[in-house]
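Everything below concerns the one structure shown next.
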There are 2 protein chains.
Amino acid sequence: MTPSDRLREQALDGFWETVPSLWNFVRSYIRVTATSNFDVTVEQFHVLRFVRKGMSISELATAKNISRPAISQAVDALVKKGLLTRTQSLNDRRYVELTLTSEGNALLDSVFKETRQWMKERMKKLSATELETIARAMDAMKKMLD
Amino acid sequence: MTPSDRLREQALDGFWETVPSLWNFVRSYIRVTATSNFDVTVEQFHVLRFVRKGMSISELATAKNISRPAISQAVDALVKKGLLTRTQSLNDRRYVELTLTSEGNALLDSVFKETRQWMKERMKKLSATELETIARAMDAMKKMLD
DNA sequence: ATAAAATAGTTTCAATACTTAACTATTAAT
DNA sequence: ATTAATAGTTAAGTATTGAAACTATTTTAT
């Protein structure tokens, strides 16, 4: 085991002790906020999140690892709720462009804003140095995605 | 906006740009490993994960935000697959103790080992300094959970 | 000590979500 | 000009989920 091997192990241990529980914690907060303030499930909320990023039906299916028909049906429900709209793409008419309605956008904005506020409050426990370390660590971790 | 307010904002931006996609990425890898090497869904895999932590049916339901009956039925499926067993607790006979079988333990070990190896490989892109930063950042982030 | 309340889990059944297979419409490739 | 590939939908069957009602056990209150 080389020294840099040991460093990787340490970072990895930290990752597994922290990220899954923290993300689960944040997700639970989103769940409660989204389902109590608005009539959407967490899954529907995440569909809206991906739609705002500009994802198509197929991309959504790949990203969420569920079938295209399942996404198509989830989109149906969101269209019925008035949170997004379908329009045929002009460039390639096989595509359906998903667009958030103003209600859909407002919903996402509201949930995100509230979650961010809650997280910022929790971050008050951290020192300036710790906050800087986190910001730098996040940049480094991004490289694992390429 | 105070200076430490700005630091919190920066750390928060980093969090949102990194953690959801990275965790999703890792989860996808686990999904493929668990479902292709073994006959379990990701959800079932996560149930096994929580069982190994010693969680009861009710705790599992709370942690995963689904109903007790749903967990009870998911446990049924895992018992039928020979991955875990139910036994009445001796201390409090209302409780059902969930225990992984050797097959269940082997499955978790195998998936975790493979995932860790894959992550370690990806971490080779990172410098020693970056790895140290990540390890320290993880410790700091843990404090947000209390 | 005993009745009432609370807790842990299960069963049943109806509602929801998901998958596979077959389909339409459109674009790309040979 | 066919053929193949891509994007999405529909339909039908399967599997997950949650609400309500239930058993068994333990705790609380009287």
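Lettering and numbering for the structure tokens are positional, with chains as A, B, ... in the shown order, residues counted from 1 in each chain, and ligands counted from 1 in the shown order.
The protein and nucleic acid residues lying at most 10 Å from DC23 (chain C) are DT9, DT10 and DA11 of chain D, with only C-alpha atoms (C1' of nucleotides) considered and sequence neighbours fewer than 4 positions away removed.
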Restricting the output to N, CA and C atoms (P, O5', C5', C4', C3', O3' and C1' of nucleotides), write the selected residues as a PDB file, in the first residue's frame.
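The result, stored in out03.pdb:
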ATOM      1  P    DT D   9     -44.480  11.047 -24.735  1.00  0.00           P
ATOM      2  O5'  DT D   9     -45.432   9.912 -25.332  1.00  0.00           O
ATOM      3  C5'  DT D   9     -46.167  10.187 -26.519  1.00  0.00           C
ATOM      4  C4'  DT D   9     -47.029   8.987 -26.871  1.00  0.00           C
ATOM      5  C3'  DT D   9     -47.989   8.557 -25.773  1.00  0.00           C
ATOM      6  O3'  DT D   9     -49.305   8.579 -26.313  1.00  0.00           O
ATOM      7  C1'  DT D   9     -46.771   6.690 -26.608  1.00  0.00           C
ATOM      8  P    DT D  10     -50.562   8.388 -25.391  1.00  0.00           P
ATOM      9  O5'  DT D  10     -50.917   6.829 -25.566  1.00  0.00           O
ATOM     10  C5'  DT D  10     -51.062   6.294 -26.874  1.00  0.00           C
ATOM     11  C4'  DT D  10     -51.341   4.800 -26.797  1.00  0.00           C
ATOM     12  C3'  DT D  10     -52.291   4.370 -25.673  1.00  0.00           C
ATOM     13  O3'  DT D  10     -53.291   3.545 -26.259  1.00  0.00           O
ATOM     14  C1'  DT D  10     -50.310   3.081 -25.604  1.00  0.00           C
ATOM     15  P    DA D  11     -54.535   3.019 -25.415  1.00  0.00           P
ATOM     16  O5'  DA D  11     -54.085   1.520 -25.064  1.00  0.00           O
ATOM     17  C5'  DA D  11     -53.439   0.725 -26.054  1.00  0.00           C
ATOM     18  C4'  DA D  11     -53.196  -0.669 -25.500  1.00  0.00           C
ATOM     19  C3'  DA D  11     -54.129  -1.088 -24.358  1.00  0.00           C
ATOM     20  O3'  DA D  11     -54.440  -2.458 -24.540  1.00  0.00           O
ATOM     21  C1'  DA D  11     -51.904  -1.160 -23.595  1.00  0.00           C
TER      22       DA D  11
END
Next on the checklist: Could you tell me which residues of chain D sit within 10 Å of chain B when counting only C-alpha atoms (C1' of nucleotides), and give me the result as a ChimeraX atom specification?
Outcome noted: /D:16-19,24-26
Next on the checklist: Residues within 12 Å of DA29 (chain C), please, as a count of residues only. Count only C-alpha atoms (C1' of nucleotides); anything in the same chain fewer than 6 positions from it doesn't count.
Outcome noted: 5
Next on the checklist: Residues of chain B were defined as contacting chain A if any atom lay at most 6 Å from it, counting only C-alpha atoms; please report them as a PyMOL selection string.
Outcome noted: chain B and resi 11+14+18+122+131+133-135+137-138+142+144
How close does each residue of chain C get to chain A, giving the shortest atom pair and distance in Å to one decimal for every residue with an atom at most 8 Å away, counting only C-alpha atoms (C1' of nucleotides), sorted by chain and residue number, as a Markdown table?
| residue | atom | partner | partner_atom | distance |
| --- | --- | --- | --- | --- |
| C:DA17 | C1' | A:Ala70 | CA | 7.6 |
| C:DC18 | C1' | A:Ala70 | CA | 6.1 |
| C:DT19 | C1' | A:Ser67 | CA | 7.1 |
| C:DA25 | C1' | A:Arg94 | CA | 6.8 |
| C:DT26 | C1' | A:Arg94 | CA | 5.3 |
| C:DT27 | C1' | A:Asp92 | CA | 7.6 |
Checklist entry - Counting only C-alpha atoms (C1' of nucleotides), what is within 12 Å of DT23 (chain D), bar same-chain residues fewer than 2 positions away, as a list in words? => result Arg94 of chain B; DA8, DG9, DT10 and DT11 of chain C; DA21 and DT25 of chain D
Since we have the selection now, will you write its residues out, keeping N, CA and C atoms (P, O5', C5', C4', C3', O3' and C1' of nucleotides), as a tab-separated table (two decimals), in the first residue's frame?
chain	number	residue	atom	x	y	z
B	94	ARG	N	-42.01	-8.15	20.89
B	94	ARG	CA	-42.72	-7.50	19.77
B	94	ARG	C	-41.78	-7.30	18.60
C	8	DA	P	-41.75	0.71	18.64
C	8	DA	O5'	-42.09	-0.73	18.03
C	8	DA	C5'	-41.63	-1.90	18.70
C	8	DA	C4'	-41.93	-3.11	17.85
C	8	DA	C3'	-41.63	-2.94	16.36
C	8	DA	O3'	-40.83	-4.02	15.92
C	8	DA	C1'	-43.87	-3.68	16.66
C	9	DG	P	-40.30	-4.08	14.42
C	9	DG	O5'	-41.46	-4.90	13.73
C	9	DG	C5'	-41.66	-6.27	14.14
C	9	DG	C4'	-42.97	-6.76	13.60
C	9	DG	C3'	-43.08	-6.80	12.08
C	9	DG	O3'	-42.94	-8.15	11.66
C	9	DG	C1'	-45.11	-6.11	13.13
C	10	DT	P	-43.07	-8.53	10.14
C	10	DT	O5'	-44.63	-8.82	9.99
C	10	DT	C5'	-45.22	-9.86	10.76
C	10	DT	C4'	-46.70	-9.99	10.40
C	10	DT	C3'	-46.97	-10.28	8.92
C	10	DT	O3'	-47.72	-11.48	8.85
C	10	DT	C1'	-48.33	-8.49	9.72
C	11	DT	P	-47.99	-12.16	7.47
C	11	DT	O5'	-49.45	-11.67	7.07
C	11	DT	C5'	-50.56	-11.98	7.92
C	11	DT	C4'	-51.81	-11.31	7.40
C	11	DT	C3'	-52.07	-11.51	5.89
C	11	DT	O3'	-53.35	-12.10	5.75
C	11	DT	C1'	-52.29	-9.22	6.50
D	21	DA	P	-60.66	0.67	9.54
D	21	DA	O5'	-60.27	-0.84	9.86
D	21	DA	C5'	-60.45	-1.84	8.85
D	21	DA	C4'	-59.82	-3.13	9.31
D	21	DA	C3'	-60.10	-3.49	10.78
D	21	DA	O3'	-60.38	-4.87	10.88
D	21	DA	C1'	-57.79	-3.49	10.40
D	25	DT	P	-47.07	-13.01	22.18
D	25	DT	O5'	-46.51	-11.64	22.79
D	25	DT	C5'	-45.44	-10.99	22.11
D	25	DT	C4'	-45.29	-9.60	22.69
D	25	DT	C3'	-45.04	-9.55	24.19
D	25	DT	O3'	-43.70	-9.12	24.39
D	25	DT	C1'	-46.51	-7.84	23.45
Checklist entry - What is the distance, in Å and to one decimal place, between CA of Val111 (chain B) and CA of Ile30 (chain B)? => result 6.8 Å
